[in-house]
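Chemist: Structure below; questions to follow.
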Amino acid sequence: MYKTESKIAKTGKKLFSSDKLLSVEYPLMEDFYTIQGEGTHTGKAAYFIRLAGCDVGCWWCDVKESWDADKHPRVKTGEIVVRAAGSKAPIAVITGGEPLLHDLDPLTLALKLKKMKVHIETSGSSPLSGYLDWITLSPKRFKEPLDEIFPYVDELKVVVLKNKDLEWAEKNAARCPENTRLLLQPEWDTPSSVDLIVNYVKKNPQWGISLQTHKFMDVP
Ligand code: SF4
């Protein structure tokens, strides 16, 4: 957990009582109530907040329309949080784009004060911010994670297309805490990655497999 409940108790109420927190704006591509489709929390109801802006540039990215933050409206934290909390979802998942391009302290604090668990999915390539209950690090070779995120990684999820990605996965796993969940995820449009991962996990059972179940179920 990055930033503690006690810190929220000390700082949160003061911030929440001011209009400042709720008027902070973020470029928002979309937000919606759905089911977490990937990783450890697969199958759980969650409110997804997809912030726009990404400077990583993975060629196989399936949300390229998120890259340019200027193409998306800037929305106030208060508006996002009303929708998220109003959905009654127990979890908010901040994703992107690369969400750490933005200071996540205001948004995540406002969500926490509404008693939501806050998860993030990030490449870790920009400075860490936010009040976070769960950090999924999905490291990308195109822009490597910063050192500062590794002590807080709850789940390491590496997208695999070929053998080289397995070496990349191990290199990052070696920097994570011992209790980090280690997951390999096949790249959706690269069917050969499934065999690669299955064979690797059988030989290296400290790793598990993450599937994009939302794509099988055809939910967003
Ligand atoms: S980090 Fe994520 S959003 Fe950015 S290019 Fe890579 S896959 Fe796409």
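Residues are named by chain letter and number: chains run A, B, ... in the order of the structure tokens, numbers start at 1 in each chain, and ligands are numbered from 1 in the order shown.
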For ligand 1, return the neighbouring residues as a ChimeraX atom specification (distance at most 12 Å; only C-alpha atoms and all ligand atoms).

Modeler: /A:29,50-69,95-101,121-126,137-145,157-159,187-188

Chemist: Quick one: write out the picked residues with C-alpha atoms as a short mmCIF file (atom, residue, chain, number, x, y, z; two decimals), in the first residue's frame?

Modeler:
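Below you can see part.cif, which holds the result:
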data_model
loop_
_atom_site.label_atom_id
_atom_site.label_comp_id
_atom_site.auth_asym_id
_atom_site.auth_seq_id
_atom_site.Cartn_x
_atom_site.Cartn_y
_atom_site.Cartn_z
CA MET A 29 -10.55 9.56 -21.95
CA ARG A 50 -8.88 6.02 -17.95
CA LEU A 51 -6.72 9.14 -17.87
CA ALA A 52 -5.36 10.40 -21.17
CA GLY A 53 -1.71 10.95 -22.01
CA CYS A 54 1.06 8.43 -22.59
CA ASP A 55 4.71 8.91 -23.51
CA VAL A 56 5.72 5.23 -23.57
CA GLY A 57 4.78 4.36 -27.14
CA CYS A 58 4.31 0.57 -27.21
CA TRP A 59 3.76 -0.34 -30.86
CA TRP A 60 1.17 -2.98 -29.96
CA CYS A 61 -0.83 -0.63 -27.68
CA ASP A 62 -4.60 -1.18 -27.96
CA VAL A 63 -5.52 2.30 -26.61
CA LYS A 64 -3.42 4.52 -28.88
CA GLU A 65 -6.26 7.06 -28.85
CA SER A 66 -5.31 7.73 -25.20
CA TRP A 67 -1.80 8.96 -26.03
CA ASP A 68 -2.54 12.62 -26.76
CA ALA A 69 -3.98 14.20 -23.60
CA THR A 95 -5.51 3.38 -15.81
CA GLY A 96 -4.49 5.03 -19.07
CA GLY A 97 -2.65 6.01 -21.02
CA GLU A 98 0.06 6.32 -18.43
CA PRO A 99 -1.73 7.59 -15.30
CA LEU A 100 1.48 8.57 -13.48
CA LEU A 101 2.02 11.38 -15.96
CA GLU A 121 -2.18 0.05 -13.60
CA THR A 122 1.04 1.72 -14.66
CA SER A 123 4.27 1.29 -16.57
CA GLY A 124 6.02 2.98 -13.62
CA SER A 125 7.95 5.22 -16.00
CA SER A 126 6.89 8.54 -14.37
CA LEU A 137 3.30 -2.58 -12.57
CA SER A 138 3.30 -3.43 -16.25
CA PRO A 139 6.85 -2.48 -17.24
CA LYS A 140 7.63 -1.54 -20.82
CA ARG A 141 11.06 -1.68 -22.45
CA PHE A 142 10.18 1.40 -24.52
CA LYS A 143 10.38 3.55 -21.36
CA GLU A 144 11.64 1.66 -18.33
CA PRO A 145 10.15 1.94 -14.82
CA LYS A 157 2.17 -8.08 -14.98
CA VAL A 158 4.32 -8.46 -18.05
CA VAL A 159 2.84 -8.59 -21.54
CA GLU A 187 -0.45 -10.24 -26.08
CA TRP A 188 -4.01 -10.53 -27.44
#

Chemist: For Pro106 (chain A), list every protein, DNA or RNA residue within 9 Å, evaluated using only C-alpha atoms, and leave out those in the same chain fewer than 3 positions away; present the list as a list in words.

Modeler: Leu15, Lys20, Leu21, Leu22, Val24, Thr77, Asp103, Leu109, Ala110, Leu111, Gly130 and Tyr131 of chain A

Chemist: Let me see the file: selected residues, all heavy atoms, as a PDB file, in the first residue's frame.

Modeler:
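Final output, part.pdb:
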ATOM      1  N   LEU A  15      -7.991  18.690   3.412  1.00  0.00           N
ATOM      2  CA  LEU A  15      -8.026  18.912   1.973  1.00  0.00           C
ATOM      3  C   LEU A  15      -9.443  18.796   1.416  1.00  0.00           C
ATOM      4  O   LEU A  15      -9.856  19.546   0.569  1.00  0.00           O
ATOM      5  CB  LEU A  15      -7.130  17.884   1.261  1.00  0.00           C
ATOM      6  CG  LEU A  15      -5.631  18.156   1.297  1.00  0.00           C
ATOM      7  CD1 LEU A  15      -4.886  16.953   0.780  1.00  0.00           C
ATOM      8  CD2 LEU A  15      -5.305  19.375   0.459  1.00  0.00           C
ATOM      9  N   LYS A  20     -10.529  23.144  -3.362  1.00  0.00           N
ATOM     10  CA  LYS A  20      -9.336  22.955  -4.191  1.00  0.00           C
ATOM     11  C   LYS A  20      -9.184  21.510  -4.676  1.00  0.00           C
ATOM     12  O   LYS A  20      -8.964  21.261  -5.857  1.00  0.00           O
ATOM     13  CB  LYS A  20      -8.114  23.346  -3.356  1.00  0.00           C
ATOM     14  CG  LYS A  20      -6.980  23.906  -4.139  1.00  0.00           C
ATOM     15  CD  LYS A  20      -5.943  24.477  -3.198  1.00  0.00           C
ATOM     16  CE  LYS A  20      -4.577  24.348  -3.819  1.00  0.00           C
ATOM     17  NZ  LYS A  20      -3.521  24.466  -2.841  1.00  0.00           N
ATOM     18  N   LEU A  21      -9.339  20.583  -3.740  1.00  0.00           N
ATOM     19  CA  LEU A  21      -9.146  19.176  -4.076  1.00  0.00           C
ATOM     20  C   LEU A  21     -10.084  18.749  -5.208  1.00  0.00           C
ATOM     21  O   LEU A  21      -9.660  18.143  -6.183  1.00  0.00           O
ATOM     22  CB  LEU A  21      -9.399  18.316  -2.829  1.00  0.00           C
ATOM     23  CG  LEU A  21      -9.390  16.807  -3.031  1.00  0.00           C
ATOM     24  CD1 LEU A  21      -7.987  16.317  -3.321  1.00  0.00           C
ATOM     25  CD2 LEU A  21      -9.926  16.109  -1.791  1.00  0.00           C
ATOM     26  N   LEU A  22     -11.359  19.082  -5.063  1.00  0.00           N
ATOM     27  CA  LEU A  22     -12.356  18.595  -6.015  1.00  0.00           C
ATOM     28  C   LEU A  22     -12.334  19.350  -7.340  1.00  0.00           C
ATOM     29  O   LEU A  22     -12.926  18.912  -8.320  1.00  0.00           O
ATOM     30  CB  LEU A  22     -13.755  18.654  -5.393  1.00  0.00           C
ATOM     31  CG  LEU A  22     -13.921  17.765  -4.152  1.00  0.00           C
ATOM     32  CD1 LEU A  22     -15.319  17.908  -3.577  1.00  0.00           C
ATOM     33  CD2 LEU A  22     -13.634  16.307  -4.470  1.00  0.00           C
ATOM     34  N   VAL A  24      -9.450  20.077  -8.957  1.00  0.00           N
ATOM     35  CA  VAL A  24      -8.283  19.679  -9.762  1.00  0.00           C
ATOM     36  C   VAL A  24      -8.777  18.902 -10.981  1.00  0.00           C
ATOM     37  O   VAL A  24      -9.627  18.010 -10.857  1.00  0.00           O
ATOM     38  CB  VAL A  24      -7.305  18.804  -8.930  1.00  0.00           C
ATOM     39  CG1 VAL A  24      -6.162  18.302  -9.796  1.00  0.00           C
ATOM     40  CG2 VAL A  24      -6.777  19.593  -7.746  1.00  0.00           C
ATOM     41  N   THR A  77     -11.948  16.627 -10.623  1.00  0.00           N
ATOM     42  CA  THR A  77     -11.922  15.485  -9.702  1.00  0.00           C
ATOM     43  C   THR A  77     -13.308  15.252  -9.097  1.00  0.00           C
ATOM     44  O   THR A  77     -13.771  14.106  -9.019  1.00  0.00           O
ATOM     45  CB  THR A  77     -10.901  15.760  -8.572  1.00  0.00           C
ATOM     46  OG1 THR A  77      -9.596  15.774  -9.155  1.00  0.00           O
ATOM     47  CG2 THR A  77     -10.958  14.717  -7.490  1.00  0.00           C
ATOM     48  N   ASP A 103      -0.265  14.102 -11.371  1.00  0.00           N
ATOM     49  CA  ASP A 103      -0.196  13.986  -9.910  1.00  0.00           C
ATOM     50  C   ASP A 103      -1.517  13.376  -9.440  1.00  0.00           C
ATOM     51  O   ASP A 103      -2.576  14.025  -9.513  1.00  0.00           O
ATOM     52  CB  ASP A 103       0.014  15.365  -9.284  1.00  0.00           C
ATOM     53  CG  ASP A 103      -0.034  15.302  -7.769  1.00  0.00           C
ATOM     54  OD1 ASP A 103      -0.087  14.185  -7.210  1.00  0.00           O
ATOM     55  OD2 ASP A 103      -0.026  16.384  -7.133  1.00  0.00           O
ATOM     56  N   LEU A 109      -7.034  10.636  -3.363  1.00  0.00           N
ATOM     57  CA  LEU A 109      -7.459  11.013  -2.013  1.00  0.00           C
ATOM     58  C   LEU A 109      -8.975  11.193  -1.973  1.00  0.00           C
ATOM     59  O   LEU A 109      -9.647  10.707  -1.058  1.00  0.00           O
ATOM     60  CB  LEU A 109      -6.749  12.298  -1.598  1.00  0.00           C
ATOM     61  CG  LEU A 109      -7.059  12.831  -0.201  1.00  0.00           C
ATOM     62  CD1 LEU A 109      -6.795  11.775   0.860  1.00  0.00           C
ATOM     63  CD2 LEU A 109      -6.227  14.076   0.079  1.00  0.00           C
ATOM     64  N   ALA A 110      -9.517  11.849  -2.978  1.00  0.00           N
ATOM     65  CA  ALA A 110     -10.970  12.055  -3.020  1.00  0.00           C
ATOM     66  C   ALA A 110     -11.702  10.714  -3.119  1.00  0.00           C
ATOM     67  O   ALA A 110     -12.746  10.525  -2.493  1.00  0.00           O
ATOM     68  CB  ALA A 110     -11.328  12.951  -4.204  1.00  0.00           C
ATOM     69  N   LEU A 111     -11.155   9.767  -3.870  1.00  0.00           N
ATOM     70  CA  LEU A 111     -11.778   8.437  -3.972  1.00  0.00           C
ATOM     71  C   LEU A 111     -11.686   7.696  -2.641  1.00  0.00           C
ATOM     72  O   LEU A 111     -12.626   7.044  -2.198  1.00  0.00           O
ATOM     73  CB  LEU A 111     -11.088   7.616  -5.074  1.00  0.00           C
ATOM     74  CG  LEU A 111     -11.329   8.099  -6.511  1.00  0.00           C
ATOM     75  CD1 LEU A 111     -10.311   7.469  -7.467  1.00  0.00           C
ATOM     76  CD2 LEU A 111     -12.759   7.770  -6.968  1.00  0.00           C
ATOM     77  N   GLY A 130      -0.104   9.475  -5.476  1.00  0.00           N
ATOM     78  CA  GLY A 130      -1.419   8.906  -5.202  1.00  0.00           C
ATOM     79  C   GLY A 130      -1.493   8.168  -3.884  1.00  0.00           C
ATOM     80  O   GLY A 130      -0.466   7.822  -3.291  1.00  0.00           O
ATOM     81  N   TYR A 131      -2.736   7.959  -3.440  1.00  0.00           N
ATOM     82  CA  TYR A 131      -3.037   7.146  -2.251  1.00  0.00           C
ATOM     83  C   TYR A 131      -3.566   5.832  -2.800  1.00  0.00           C
ATOM     84  O   TYR A 131      -4.701   5.762  -3.266  1.00  0.00           O
ATOM     85  CB  TYR A 131      -4.066   7.853  -1.380  1.00  0.00           C
ATOM     86  CG  TYR A 131      -3.522   9.133  -0.770  1.00  0.00           C
ATOM     87  CD1 TYR A 131      -3.427  10.301  -1.528  1.00  0.00           C
ATOM     88  CD2 TYR A 131      -3.086   9.157   0.551  1.00  0.00           C
ATOM     89  CE1 TYR A 131      -2.916  11.469  -0.984  1.00  0.00           C
ATOM     90  CE2 TYR A 131      -2.577  10.325   1.103  1.00  0.00           C
ATOM     91  CZ  TYR A 131      -2.496  11.477   0.331  1.00  0.00           C
ATOM     92  OH  TYR A 131      -1.989  12.628   0.876  1.00  0.00           O
TER      93      TYR A 131
END

Chemist: Calculated over only C-alpha atoms, which of the candidates A:Glu79, A:Asp105, A:Glu148, A:Asp133 has the smallest distance to Val118 (chain A)?

Modeler: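 The shortest atom-to-atom distance to Val118 (chain A) comes from A:Asp133.
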
Chemist: Just list the residues in region 171-203 of chain A DSSP gives helix (DSSP H, G or I) on the backbone, as a list of chain:residue names.

Modeler: A:Lys171, A:Asn172, A:Ala173, A:Ser192, A:Ser193, A:Val194, A:Asp195, A:Leu196, A:Ile197, A:Val198, A:Asn199, A:Tyr200, A:Val201, A:Lys202, A:Lys203

Chemist: Write out as a list in words the residues lying within 10 Å of Ala45 (chain A), counting only C-alpha atoms and excluding same-chain residues fewer than 5 positions away.

Modeler: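 These residues fall inside the cut-off: Tyr33, Thr34, Ile35, Gln36, Gly37, Lys88, Ala89, Pro90, Ile91 and Ala92 of chain A.
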
Chemist: Leaving out Val201 (chain A) and any residue of its chain fewer than 4 positions from it, which residues lie within 12 Å of it when counting only C-alpha atoms, given as a list in words?

Modeler: Leu166, Leu182, Leu183, Leu184, Gln185, Val194, Asp195, Leu196, Ile197, Pro205, Gln206, Trp207, Gly208, Ile209 and Ser210 of chain A

Chemist: Could you work out how far CA of Arg74 (chain A) lies from CA of Phe32 (chain A), giving the answer in Å with one decimal?

Modeler: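 Spanning CA of Phe32 (chain A) to CA of Arg74 (chain A) is a straight-line distance of 16.3 Å.
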
Chemist: Looking at only C-alpha atoms, which of A:Pro191, A:Asn179, A:Leu28, A:Asp147 is the one that sits closest to Leu161 (chain A)?

Modeler: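 Of the candidates, the smallest distance to Leu161 (chain A) is held by A:Pro191.
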
Chemist: For each of A:Leu128, A:Met116, A:Val160, A:Val82, take the minimum atom-to-atom distance to His102 (chain A), counting only C-alpha atoms, then give the residue where this is smallest.

Modeler: A:Leu128

Chemist: In Å, rounded to a single decimal, give me how far CA of Ile135 (chain A) is from CA of Val153 (chain A).

Modeler: 5.3 Å

Chemist: Please give the complete set of residues from region 2-220 of chain A that DSSP, run on the backbone, assigns to strand (DSSP E), formatted as number ranges by chain.

Modeler: A: 25-35, 45-51, 74-76, 91-95, 117-122, 134-137, 155-160, 181-186, 208-209

Chemist: Okay, now the selection with C-alpha atoms, as a compact mmCIF listing (two decimals), in the first residue's frame?

Modeler:
# COMPACT_ATOMS: atom_id res chain seq x y z
CA GLU A 25 -8.72 18.62 -13.39
CA TYR A 26 -7.46 15.55 -15.27
CA PRO A 27 -7.58 14.75 -18.99
CA LEU A 28 -10.13 11.96 -19.05
CA MET A 29 -10.55 9.56 -21.95
CA GLU A 30 -13.36 7.54 -20.37
CA ASP A 31 -14.75 6.30 -17.08
CA PHE A 32 -17.15 3.41 -16.65
CA TYR A 33 -18.36 0.74 -14.27
CA THR A 34 -17.30 -2.74 -15.35
CA ILE A 35 -15.57 -5.94 -14.26
CA ALA A 45 -16.65 -5.16 -9.99
CA ALA A 46 -14.61 -1.99 -10.47
CA TYR A 47 -15.00 1.59 -11.70
CA PHE A 48 -12.40 2.29 -14.38
CA ILE A 49 -10.98 5.79 -14.79
CA ARG A 50 -8.88 6.02 -17.95
CA LEU A 51 -6.72 9.14 -17.87
CA ARG A 74 -10.23 18.04 -18.74
CA VAL A 75 -12.66 16.90 -16.06
CA LYS A 76 -12.80 17.99 -12.43
CA ILE A 91 -12.80 -0.45 -6.28
CA ALA A 92 -11.63 2.37 -8.52
CA VAL A 93 -9.00 1.39 -11.08
CA ILE A 94 -6.91 4.27 -12.43
CA THR A 95 -5.51 3.38 -15.81
CA LYS A 117 -10.19 1.01 -2.71
CA VAL A 118 -7.90 2.59 -5.28
CA HIS A 119 -5.90 0.49 -7.71
CA ILE A 120 -3.54 1.65 -10.43
CA GLU A 121 -2.18 0.05 -13.60
CA THR A 122 1.04 1.72 -14.66
CA TRP A 134 -2.90 -1.82 -5.10
CA ILE A 135 -0.18 -1.16 -7.64
CA THR A 136 0.02 -3.23 -10.81
CA LEU A 137 3.30 -2.58 -12.57
CA GLU A 155 1.52 -7.23 -8.85
CA LEU A 156 3.98 -7.43 -11.71
CA LYS A 157 2.17 -8.08 -14.98
CA VAL A 158 4.32 -8.46 -18.05
CA VAL A 159 2.84 -8.59 -21.54
CA VAL A 160 4.60 -11.32 -23.53
CA ARG A 181 2.34 -11.47 -7.49
CA LEU A 182 4.16 -12.39 -10.70
CA LEU A 183 1.99 -12.66 -13.81
CA LEU A 184 2.65 -13.14 -17.50
CA GLN A 185 0.00 -12.02 -19.96
CA PRO A 186 -0.19 -13.09 -23.59
CA GLY A 208 1.16 -17.24 -13.00
CA ILE A 209 -0.86 -16.30 -16.07

Chemist: Between CA of Gln212 (chain A) and CA of Glu38 (chain A), measure the distance and give it in Å to one decimal.

Modeler: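 CA of Glu38 (chain A) lies 5.2 Å from CA of Gln212 (chain A).
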